[in-house]
file run.txt (compact mmCIF, C-alpha atoms)
# COMPACT_ATOMS: atom_id res chain seq x y z
CA PRO A 42 0.00 0.00 0.00
CA GLU A 43 2.78 2.42 0.86
CA ARG A 44 4.58 1.70 -2.41
CA GLU A 45 1.37 2.23 -4.37
CA LEU A 46 0.79 5.53 -2.55
CA VAL A 47 4.32 6.65 -3.48
CA HIS A 48 3.68 5.71 -7.11
CA GLN A 49 0.44 7.66 -7.13
CA LEU A 50 2.17 10.72 -5.69
CA LEU A 51 4.98 10.46 -8.23
CA ARG A 52 2.52 10.13 -11.11
CA ALA A 53 0.63 13.18 -9.91
CA TYR A 54 3.84 15.17 -9.45
CA LEU A 55 5.40 14.18 -12.78
CA ARG A 56 2.21 14.47 -14.85
CA PRO A 57 2.67 17.14 -17.57
CA ARG A 58 0.79 20.33 -16.86
CA GLU A 59 -2.40 20.63 -18.87
CA SER A 60 -2.04 23.07 -21.77
CA MET A 61 -4.39 26.02 -21.49
CA SER A 62 -4.54 29.40 -23.21
CA VAL A 63 -5.12 32.64 -21.32
CA ASP A 64 -8.45 33.27 -23.07
CA SER A 65 -9.67 29.77 -22.15
CA TRP A 66 -8.56 30.33 -18.55
CA ALA A 67 -10.38 33.67 -18.38
CA ASP A 68 -13.59 32.20 -19.83
CA ALA A 69 -13.43 29.33 -17.33
CA TYR A 70 -12.44 31.15 -14.13
CA ARG A 71 -12.33 34.97 -14.29
CA VAL A 72 -15.10 36.91 -12.58
CA LEU A 73 -15.46 40.69 -12.94
CA ALA A 74 -16.21 42.62 -9.76
CA GLY A 75 -19.15 45.00 -9.52
CA GLU A 76 -17.05 47.95 -8.33
CA THR A 77 -14.64 47.68 -11.27
CA SER A 78 -16.86 46.70 -14.19
CA ALA A 79 -20.06 47.95 -15.77
CA GLU A 80 -20.77 44.31 -16.66
CA PRO A 81 -19.94 42.30 -13.50
CA GLY A 82 -19.98 38.54 -13.51
CA PRO A 83 -18.16 35.83 -15.48
CA TRP A 84 -15.67 37.10 -18.04
CA ARG A 85 -16.63 36.49 -21.69
CA THR A 86 -13.87 36.91 -24.27
CA ASP A 87 -16.57 36.96 -26.96
CA ARG A 88 -17.54 40.42 -25.67
CA THR A 89 -14.15 41.68 -26.91
CA PRO A 90 -13.28 39.26 -29.75
CA TYR A 91 -10.16 41.21 -30.71
CA LEU A 92 -8.57 40.23 -27.37
CA ARG A 93 -8.74 36.46 -28.01
CA GLN A 94 -5.64 36.28 -30.21
CA ILE A 95 -3.72 38.60 -27.89
CA LEU A 96 -4.54 36.47 -24.86
CA ALA A 97 -3.53 33.37 -26.81
CA ASP A 98 -0.17 35.00 -27.59
CA LEU A 99 0.39 35.50 -23.85
CA SER A 100 -0.18 31.81 -23.08
CA ASP A 101 2.70 29.76 -21.73
CA ASP A 102 3.10 27.66 -24.88
CA ALA A 103 2.88 30.58 -27.35
CA PRO A 104 6.19 31.31 -29.14
CA TYR A 105 6.30 35.05 -28.40
CA SER A 106 8.28 36.47 -25.49
CA GLU A 107 6.99 40.05 -25.97
CA VAL A 108 3.51 41.34 -26.79
CA VAL A 109 2.89 45.07 -27.38
CA LEU A 110 -0.50 46.80 -27.26
CA MET A 111 -0.84 50.35 -28.61
CA PHE A 112 -4.50 50.77 -27.70
CA GLY A 113 -7.09 53.46 -27.28
CA THR A 114 -9.38 53.61 -24.25
CA GLN A 115 -12.51 51.59 -23.45
CA LEU A 116 -11.21 48.46 -25.17
CA GLY A 117 -10.46 46.14 -22.24
CA LYS A 118 -6.67 46.50 -22.37
CA SER A 119 -6.14 46.49 -18.60
CA GLU A 120 -8.57 43.60 -18.13
CA ALA A 121 -6.56 41.59 -20.65
CA GLY A 122 -3.45 42.25 -18.57
CA LEU A 123 -5.24 41.21 -15.40
CA ASN A 124 -6.41 38.01 -17.09
CA TRP A 125 -2.79 37.21 -17.87
CA LEU A 126 -1.70 37.85 -14.30
CA GLY A 127 -4.52 35.68 -12.97
CA TYR A 128 -3.57 32.93 -15.40
CA GLY A 129 0.02 33.13 -14.17
CA MET A 130 -0.96 32.92 -10.50
CA HIS A 131 -3.15 29.89 -11.09
CA HIS A 132 -1.88 28.01 -14.13
CA ASP A 133 1.69 29.12 -14.84
CA PRO A 134 3.18 30.32 -11.53
CA GLY A 135 6.56 31.99 -11.16
CA PRO A 136 8.09 35.36 -10.26
CA MET A 137 5.93 38.14 -11.71
CA MET A 138 6.07 41.93 -11.80
CA LEU A 139 3.43 44.54 -12.58
CA ILE A 140 4.69 48.08 -13.30
CA LEU A 141 2.53 51.21 -13.35
CA PRO A 142 3.83 54.76 -13.99
CA THR A 143 4.22 55.66 -10.27
CA VAL A 144 4.13 53.89 -6.93
CA ASP A 145 0.96 55.81 -5.98
CA ILE A 146 -0.78 54.63 -9.15
CA ALA A 147 0.49 51.09 -8.48
CA LYS A 148 -1.06 51.13 -4.99
CA ARG A 149 -4.35 52.43 -6.36
CA PHE A 150 -4.38 49.82 -9.15
CA SER A 151 -3.63 47.03 -6.69
CA LYS A 152 -6.45 48.09 -4.38
CA GLN A 153 -9.06 48.95 -7.01
CA ARG A 154 -8.36 46.40 -9.76
CA LEU A 155 -6.06 43.57 -8.63
CA ALA A 156 -7.59 42.89 -5.20
CA PRO A 157 -11.19 42.68 -6.54
CA MET A 158 -10.06 40.20 -9.23
CA ILE A 159 -8.46 37.97 -6.59
CA ARG A 160 -11.49 38.26 -4.31
CA GLU A 161 -14.07 37.45 -7.00
CA THR A 162 -12.13 34.70 -8.84
CA GLU A 163 -12.34 31.56 -6.71
CA VAL A 164 -9.19 29.82 -7.98
CA LEU A 165 -7.17 32.93 -7.10
CA ARG A 166 -8.87 33.53 -3.77
CA ASP A 167 -7.93 30.00 -2.73
CA ARG A 168 -4.25 30.63 -3.49
CA ILE A 169 -3.71 34.08 -1.98
CA ARG A 170 -4.44 34.60 1.67
CA GLU A 171 -6.03 37.82 2.86
CA ALA A 172 -3.71 40.43 4.37
CA ARG A 173 -4.85 39.90 7.96
CA SER A 174 -1.46 39.15 9.46
CA ARG A 175 2.16 40.09 8.91
CA ASP A 176 2.99 36.60 7.67
CA SER A 177 0.09 36.32 5.21
CA GLY A 178 2.37 37.01 2.23
CA ASN A 179 -0.29 39.37 0.86
CA THR A 180 0.25 43.12 1.03
CA MET A 181 -0.83 45.89 -1.30
CA LEU A 182 2.35 45.59 -3.37
CA VAL A 183 3.31 41.94 -2.83
CA LYS A 184 1.12 38.90 -3.52
CA GLU A 185 2.54 35.48 -2.65
CA PHE A 186 0.96 32.33 -4.06
CA THR A 187 1.90 28.68 -4.53
CA GLY A 188 4.90 28.54 -6.82
CA GLY A 189 5.44 32.25 -7.22
CA ILE A 190 5.13 35.87 -6.20
CA LEU A 191 3.73 39.04 -7.78
CA VAL A 192 5.43 42.36 -7.05
CA VAL A 193 3.53 45.55 -7.94
CA THR A 194 5.63 48.70 -8.29
CA GLY A 195 5.97 52.07 -9.96
CA ALA A 196 8.28 53.06 -12.80
CA ASN A 197 9.52 55.92 -10.58
CA SER A 198 11.02 53.49 -8.04
CA ALA A 199 14.44 52.07 -8.91
CA ALA A 200 14.31 49.93 -5.76
CA GLY A 201 11.00 48.42 -6.82
CA LEU A 202 12.18 47.70 -10.35
CA ALA A 203 15.31 45.97 -9.05
CA SER A 204 13.57 44.14 -6.21
CA MET A 205 13.70 40.73 -7.91
CA PRO A 206 14.10 38.93 -11.25
CA SER A 207 10.75 38.33 -12.98
CA ARG A 208 9.82 35.73 -15.56
CA ILE A 209 6.47 37.42 -16.24
CA LEU A 210 6.43 41.21 -16.66
CA TYR A 211 3.37 43.39 -17.27
CA ALA A 212 4.27 47.04 -17.90
CA ASP A 213 1.21 49.26 -18.37
CA GLU A 214 0.97 52.85 -19.69
CA ILE A 215 4.66 52.86 -20.55
CA ASP A 216 4.50 56.25 -22.30
CA ASP A 217 3.91 57.78 -18.87
CA TYR A 218 7.14 56.34 -17.45
CA PRO A 219 9.97 58.77 -16.57
CA ASP A 220 12.98 58.91 -18.90
CA ASP A 221 15.29 58.14 -15.99
CA VAL A 222 14.68 56.77 -12.51
CA ASP A 223 16.96 57.74 -9.64
CA GLY A 224 19.86 58.26 -12.06
CA GLN A 225 19.93 54.54 -12.91
CA GLY A 226 18.49 54.69 -16.40
CA GLU A 227 15.26 54.12 -18.28
CA PRO A 228 12.80 52.15 -16.09
CA LEU A 229 11.54 49.74 -18.74
CA GLY A 230 15.13 48.78 -19.57
CA LEU A 231 15.87 48.17 -15.89
CA ALA A 232 12.85 45.89 -15.59
CA THR A 233 13.38 43.87 -18.78
CA ALA A 234 17.03 43.30 -17.88
CA ARG A 235 15.81 41.40 -14.81
CA GLN A 236 14.20 38.83 -17.15
CA ASP A 237 17.37 37.78 -18.94
CA THR A 238 18.00 34.63 -16.93
CA PHE A 239 14.59 33.11 -17.69
CA ALA A 240 14.32 30.94 -20.81
CA ARG A 241 10.48 31.11 -20.67
CA ARG A 242 10.25 34.84 -20.03
CA LYS A 243 7.26 36.80 -21.28
CA ARG A 244 6.30 40.44 -21.10
CA LEU A 245 3.28 42.52 -21.99
CA LEU A 246 3.89 46.20 -22.79
CA SER A 247 0.81 48.37 -23.20
CA SER A 248 -0.11 52.03 -23.44
CA SER A 249 -1.93 54.72 -25.29
CA PRO A 250 0.69 56.87 -27.07
CA LYS A 251 1.29 59.99 -24.99
CA ARG A 252 4.44 61.44 -26.55
CA PRO A 253 5.25 63.14 -29.89
CA PRO A 254 6.12 61.05 -32.96
CA GLY A 255 9.61 59.63 -32.63
CA PHE A 256 9.61 59.95 -28.84
CA SER A 257 6.78 57.57 -27.94
CA THR A 258 8.02 54.33 -26.36
CA ILE A 259 4.88 52.40 -27.22
CA GLU A 260 4.96 53.62 -30.83
CA ARG A 261 8.60 52.54 -31.23
CA ARG A 262 7.82 49.12 -29.74
CA PHE A 263 4.78 48.75 -31.98
CA ASP A 264 6.68 49.74 -35.13
CA ALA A 265 9.44 47.21 -34.37
CA GLY A 266 6.92 44.36 -34.04
CA THR A 267 4.45 42.62 -36.34
CA ARG A 268 2.20 45.73 -36.53
CA CYS A 269 -1.10 43.85 -36.41
CA ARG A 270 -4.33 45.70 -37.18
CA TYR A 271 -7.88 44.39 -36.79
CA TRP A 272 -9.76 43.95 -40.06
CA VAL A 273 -13.55 43.66 -39.90
CA PRO A 274 -16.03 42.78 -42.68
CA CYS A 275 -18.60 45.20 -44.04
CA PRO A 276 -22.08 43.82 -43.26
CA HIS A 277 -23.19 44.86 -46.76
CA CYS A 278 -20.44 43.70 -49.14
CA GLY A 279 -18.42 41.41 -46.85
CA ASP A 280 -15.03 42.94 -47.71
CA HIS A 281 -12.68 43.58 -44.79
CA GLN A 282 -11.21 46.90 -43.69
CA VAL A 283 -9.55 48.62 -40.74
CA LEU A 284 -11.89 51.05 -38.96
CA GLU A 285 -10.54 54.56 -39.42
CA TRP A 286 -11.43 58.14 -38.58
CA GLY A 287 -13.09 59.80 -41.59
CA GLY A 288 -12.18 63.11 -43.18
CA ARG A 289 -13.09 65.27 -46.15
CA GLU A 290 -10.18 63.98 -48.21
CA VAL A 291 -11.45 60.37 -47.99
CA ALA A 292 -14.87 58.98 -48.79
CA HIS A 293 -14.85 56.27 -46.14
CA GLY A 294 -14.47 56.17 -42.37
CA LEU A 295 -16.49 57.44 -39.40
CA LYS A 296 -18.84 60.20 -40.61
CA TRP A 297 -21.75 62.26 -39.28
CA ARG A 298 -24.32 64.77 -40.54
CA GLY A 299 -24.05 67.84 -38.38
CA ASP A 300 -25.16 66.24 -35.13
CA PRO A 301 -22.92 63.63 -33.47
CA SER A 302 -25.94 61.38 -32.93
CA THR A 303 -25.93 60.69 -36.69
CA ALA A 304 -22.48 59.04 -36.51
CA HIS A 305 -22.07 56.10 -38.87
CA TYR A 306 -19.34 54.30 -40.77
CA VAL A 307 -18.92 54.43 -44.56
CA CYS A 308 -17.42 51.30 -46.14
CA MET A 309 -14.27 51.92 -48.18
CA HIS A 310 -15.25 49.18 -50.64
CA CYS A 311 -18.95 49.61 -51.43
CA GLY A 312 -19.70 53.03 -49.91
CA ALA A 313 -22.59 51.70 -47.83
CA GLU A 314 -23.43 53.31 -44.50
CA ILE A 315 -22.91 51.04 -41.51
CA GLY A 316 -24.83 51.69 -38.30
CA GLU A 317 -23.19 51.06 -34.95
CA HIS A 318 -25.68 48.28 -34.23
CA ALA A 319 -23.68 46.14 -36.71
CA LYS A 320 -20.50 46.39 -34.64
CA PRO A 321 -20.94 43.12 -32.65
CA ARG A 322 -21.17 41.08 -35.87
CA MET A 323 -18.24 42.93 -37.39
CA LEU A 324 -16.01 42.43 -34.34
CA ALA A 325 -16.92 38.74 -34.05
CA ALA A 326 -15.95 38.14 -37.69
CA GLY A 327 -12.80 40.28 -37.56
CA GLU A 328 -9.22 39.10 -37.86
CA TRP A 329 -5.77 40.43 -37.03
CA ARG A 330 -3.49 40.97 -40.03
CA ALA A 331 0.22 41.65 -39.61
CA GLU A 332 2.05 44.22 -41.72
CA ASN A 333 5.42 42.79 -40.62
CA PRO A 334 4.65 39.10 -39.96
CA GLY A 335 8.29 38.03 -39.64
CA ALA A 336 8.99 40.14 -36.54
CA ALA A 337 9.81 38.34 -33.31
CA VAL A 338 7.59 40.67 -31.25
CA ARG A 339 3.80 40.59 -31.59
CA SER A 340 2.51 44.17 -31.70
CA TYR A 341 -1.09 45.35 -32.00
CA HIS A 342 -2.80 48.66 -32.71
CA LEU A 343 -6.47 49.30 -31.95
CA SER A 344 -8.40 52.57 -31.80
CA SER A 345 -11.45 53.25 -29.67
CA LEU A 346 -13.63 53.01 -32.78
CA TYR A 347 -13.65 49.28 -32.00
CA SER A 348 -15.03 49.70 -28.48
CA PRO A 349 -17.82 47.10 -28.02
CA LEU A 350 -21.43 48.21 -28.37
CA GLY A 351 -22.58 49.81 -25.12
CA TRP A 352 -19.12 50.88 -23.97
CA LEU A 353 -17.98 53.92 -25.98
CA ALA A 354 -20.37 55.09 -28.69
CA TRP A 355 -19.26 56.49 -32.04
CA SER A 356 -21.44 59.54 -31.30
CA THR A 357 -19.44 60.19 -28.12
CA ILE A 358 -16.16 60.01 -30.04
CA VAL A 359 -17.50 62.52 -32.58
CA ARG A 360 -18.80 64.85 -29.85
CA GLU A 361 -15.44 64.79 -28.07
CA PHE A 362 -13.67 65.57 -31.33
CA LEU A 363 -15.89 68.59 -32.06
CA GLU A 364 -15.25 69.97 -28.57
CA ALA A 365 -11.51 69.43 -28.97
CA ALA A 366 -11.53 71.03 -32.42
CA THR A 367 -13.25 74.15 -31.06
CA ALA A 368 -10.62 74.41 -28.31
CA LEU A 369 -7.87 73.94 -30.88
CA GLU A 370 -9.14 76.81 -32.98
CA HIS A 371 -8.74 79.00 -29.89
CA GLY A 372 -5.17 77.88 -29.41
CA VAL A 373 -5.81 75.24 -26.71
CA THR A 374 -4.20 72.03 -27.89
CA ALA A 375 -4.53 69.74 -24.84
CA PRO A 376 -8.06 68.40 -25.57
CA MET A 377 -7.18 67.46 -29.17
CA LYS A 378 -3.90 65.90 -28.12
CA ASN A 379 -5.70 63.79 -25.53
CA TRP A 380 -8.37 62.80 -28.06
CA VAL A 381 -5.84 61.71 -30.68
CA ASN A 382 -3.77 59.81 -28.08
CA THR A 383 -6.57 58.02 -26.26
CA ARG A 384 -9.28 57.60 -28.91
CA LEU A 385 -7.27 57.05 -32.11
CA ALA A 386 -4.27 55.57 -30.26
CA LYS A 387 -1.93 57.73 -32.33
CA THR A 388 0.87 60.15 -31.50
CA TRP A 389 0.20 63.87 -31.65
CA ALA A 390 2.41 66.57 -33.15
CA GLU A 391 1.72 70.13 -32.06
CA PRO A 392 0.33 72.24 -34.96
CA GLY A 393 2.77 74.89 -36.11
CA ALA A 394 0.34 77.40 -37.56
CA LYS A 395 -3.29 78.45 -37.39
CA LEU A 396 -3.76 77.23 -40.97
CA GLU A 397 -2.96 73.72 -39.82
CA VAL A 398 -5.70 73.97 -37.16
CA HIS A 399 -8.32 74.79 -39.80
CA GLN A 400 -7.03 72.06 -42.06
CA LEU A 401 -7.26 69.52 -39.23
CA ARG A 402 -10.89 70.40 -38.57
CA GLU A 403 -11.77 70.24 -42.27
CA ARG A 404 -10.09 66.86 -42.66
CA ALA A 405 -12.18 65.44 -39.84
CA ASN A 406 -15.60 66.79 -40.89
call {"tool": "encode", "arguments": {"input": "run.txt", "output": "structure tokens"}}
result
Amino acid sequence: PERELVHQLLRAYLRPRESMSVDSWADAYRVLAGETSAEPGPWRTDRTPYLRQILADLSDDAPYSEVVLMFGTQLGKSEAGLNWLGYGMHHDPGPMMLILPTVDIAKRFSKQRLAPMIRETEVLRDRIREARSRDSGNTMLVKEFTGGILVVTGANSAAGLASMPSRILYADEIDDYPDDVDGQGEPLGLATARQDTFARRKRLLSSSPKRPPGFSTIERRFDAGTRCRYWVPCPHCGDHQVLEWGGREVAHGLKWRGDPSTAHYVCMHCGAEIGEHAKPRMLAAGEWRAENPGAAVRSYHLSSLYSPLGWLAWSTIVREFLEAATALEHGVTAPMKNWVNTRLAKTWAEPGAKLEVHQLRERAN
């Protein structure tokens, strides 16, 4: 009996770990908390179909060691990163690090986003004890679990970045990182150097572009990668296209007739008008296409035009643009810069003359 018990234990210990992708893990286990999500309850990757391939690329058996997301807002970018962290804690444990722009933001993210995920997702709650005692291994910035540890830190803390080697690294909003931290160099470089000893290292770098062309870290990382864009079919002709902001110099793109509530999309192939109600079908039938498929890094660009129905409406994007354009005509550039960065997920160059301001508004009408 004792020998049989030993054999059973050895078989259990030596059994190969079941292969599972991050999207499958999230669909099986992840639960969204009411205080952090407008749609609390079980996670459904089908709600954001464009995230499925990205989550698959982050899986332990995927061949990519770096995934880059140059995303707009209201697209589920941070939730995708949390799914990956949860997957790591439960399915693929090891030393992990999450970096936000500052330590204060890191603390807020841990309390408002990370802690609710752990609390609501049973398989994580079972692995991470509540911070009720000094030896719980669970503090705001350190989460211990079977087989690994997650350190949460800010890009403005050299001590935090150098606190330990990490096989799994999630660096969010990297365009907001300082150029130098405590005189020791660029924070992202400090963090990625701590991954060198791990053969199975992976990292997720994500951000909206916040810096001018040529100076944006996320833009440089995106350009060096596969440069994937999400192509969706027209519900009328079936041909695929990338959703783009419309303008007077092009016949297709997001358009409106005076009032933002009339916002619609004009197909570049057949010229048909597409109402926003068609977006769920379009997203579900979409596909990522790489402009540079041979690159070792998987990089993705997605604007807020793809935000799922009920999250960020096309009419809201148009209304925000018109408000920003009015401010721009009066010499106030900040609203338009923010709109271009966070809605189109593109870098912004300051206009050099008033003529350029008028031209920008005309191009977008």
call {"tool": "closest_residue", "arguments": {"input": "run.txt", "among": "A:Asn179, A:Ser302, A:Thr238, A:Ser151", "to": "Ser207 in chain A", "atoms": "all atoms listed in the file"}}
result
A:Thr238
call {"tool": "residues_around", "arguments": {"input": "run.txt", "residues": "Ala97 in chain A", "least_positions_apart": "3", "cutoff": "6 Å", "atoms": "all atoms listed in the file", "output": "PyMOL selection string"}}
result
chain A and resi 62-63+94+100
call {"tool": "atom_distance", "arguments": {"input": "run.txt", "atom1": "CA of Gln225 in chain A", "atom2": "CA of Glu260 in chain A"}}
result
23.4 Å
call {"tool": "atom_distance", "arguments": {"input": "run.txt", "atom1": "CA of Trp352 in chain A", "atom2": "CA of Trp329 in chain A"}}
result
21.4 Å
call {"tool": "closest_atom_pairs", "arguments": {"input": "run.txt", "of": "range 227-268 of chain A", "to": "range 338-343 of chain A", "cutoff": "12 Å", "atoms": "all atoms listed in the file", "output": "tab-separated table"}}
result
residue	atom	partner	partner_atom	distance
A:Lys243	CA	A:Val338	CA	10.7
A:Arg244	CA	A:Val338	CA	10.2
A:Leu245	CA	A:Arg339	CA	9.8
A:Leu246	CA	A:Ser340	CA	9.2
A:Ser247	CA	A:Tyr341	CA	9.5
A:Ser248	CA	A:His342	CA	10.2
A:Ser249	CA	A:His342	CA	9.6
A:Pro250	CA	A:His342	CA	10.6
A:Ile259	CA	A:Ser340	CA	9.7
A:Glu260	CA	A:His342	CA	9.4
A:Arg261	CA	A:Ser340	CA	10.4
A:Arg262	CA	A:Ser340	CA	7.5
A:Phe263	CA	A:Ser340	CA	5.1
A:Asp264	CA	A:Ser340	CA	7.8
A:Ala265	CA	A:Val338	CA	7.5
A:Gly266	CA	A:Val338	CA	4.7
A:Thr267	CA	A:Arg339	CA	5.2
A:Arg268	CA	A:Ser340	CA	5.1
call {"tool": "residues_near_point", "arguments": {"input": "run.txt", "point": "(-20.4, 61.5, -33.9)", "cutoff": "8 Å", "atoms": "only C-alpha atoms", "output": "number ranges by chain"}}
result
A: 295-297, 300-305, 355-360
call {"tool": "residues_around", "arguments": {"input": "run.txt", "residues": "Asn197 in chain A", "least_positions_apart": "6", "cutoff": "8 Å", "atoms": "only C-alpha atoms", "output": "NGL selection string"}}
result
:A and (142-144 or 218-219 or 222-223 or 228)
call {"tool": "residues_near_point", "arguments": {"input": "run.txt", "point": "(-14.6, 41.0, -34.6)", "cutoff": "9 Å", "atoms": "all atoms listed in the file", "output": "number ranges by chain"}}
result
A: 87, 89-91, 271-274, 320-328, 347
call {"tool": "write_last_selection", "arguments": {"input": "run.txt", "atoms": "C-alpha atoms", "output": "PDB file, in the frame of the given file"}}
result
ATOM      1  CA  ASP A  87     -16.570  36.960 -26.960  1.00  0.00           C
ATOM      2  CA  THR A  89     -14.150  41.680 -26.910  1.00  0.00           C
ATOM      3  CA  PRO A  90     -13.280  39.260 -29.750  1.00  0.00           C
ATOM      4  CA  TYR A  91     -10.160  41.210 -30.710  1.00  0.00           C
ATOM      5  CA  TYR A 271      -7.880  44.390 -36.790  1.00  0.00           C
ATOM      6  CA  TRP A 272      -9.760  43.950 -40.060  1.00  0.00           C
ATOM      7  CA  VAL A 273     -13.550  43.660 -39.900  1.00  0.00           C
ATOM      8  CA  PRO A 274     -16.030  42.780 -42.680  1.00  0.00           C
ATOM      9  CA  LYS A 320     -20.500  46.390 -34.640  1.00  0.00           C
ATOM     10  CA  PRO A 321     -20.940  43.120 -32.650  1.00  0.00           C
ATOM     11  CA  ARG A 322     -21.170  41.080 -35.870  1.00  0.00           C
ATOM     12  CA  MET A 323     -18.240  42.930 -37.390  1.00  0.00           C
ATOM     13  CA  LEU A 324     -16.010  42.430 -34.340  1.00  0.00           C
ATOM     14  CA  ALA A 325     -16.920  38.740 -34.050  1.00  0.00           C
ATOM     15  CA  ALA A 326     -15.950  38.140 -37.690  1.00  0.00           C
ATOM     16  CA  GLY A 327     -12.800  40.280 -37.560  1.00  0.00           C
ATOM     17  CA  GLU A 328      -9.220  39.100 -37.860  1.00  0.00           C
ATOM     18  CA  TYR A 347     -13.650  49.280 -32.000  1.00  0.00           C
TER      19      TYR A 347
END
call {"tool": "atom_distance", "arguments": {"input": "run.txt", "atom1": "CA of Pro376 in chain A", "atom2": "CA of Glu364 in chain A"}}
result
7.9 Å
call {"tool": "residues_around", "arguments": {"input": "run.txt", "residues": "Phe239 in chain A", "least_positions_apart": "6", "cutoff": "12 Å", "atoms": "all atoms listed in the file", "output": "list in words"}}
result
Ser106, Gly135, Pro136, Met137, Pro206, Ser207, Arg208, Ile209, Leu210 and Thr233 of chain A
call {"tool": "closest_residue", "arguments": {"input": "run.txt", "among": "A:Cys311, A:Ala366, A:Leu202, A:Val291", "to": "Ala234 in chain A", "atoms": "only C-alpha atoms"}}
result
A:Leu202
call {"tool": "closest_residue", "arguments": {"input": "run.txt", "among": "A:Ala292, A:Val183, A:Met138, A:Ala69", "to": "Gln236 in chain A", "atoms": "all atoms listed in the file"}}
result
A:Met138
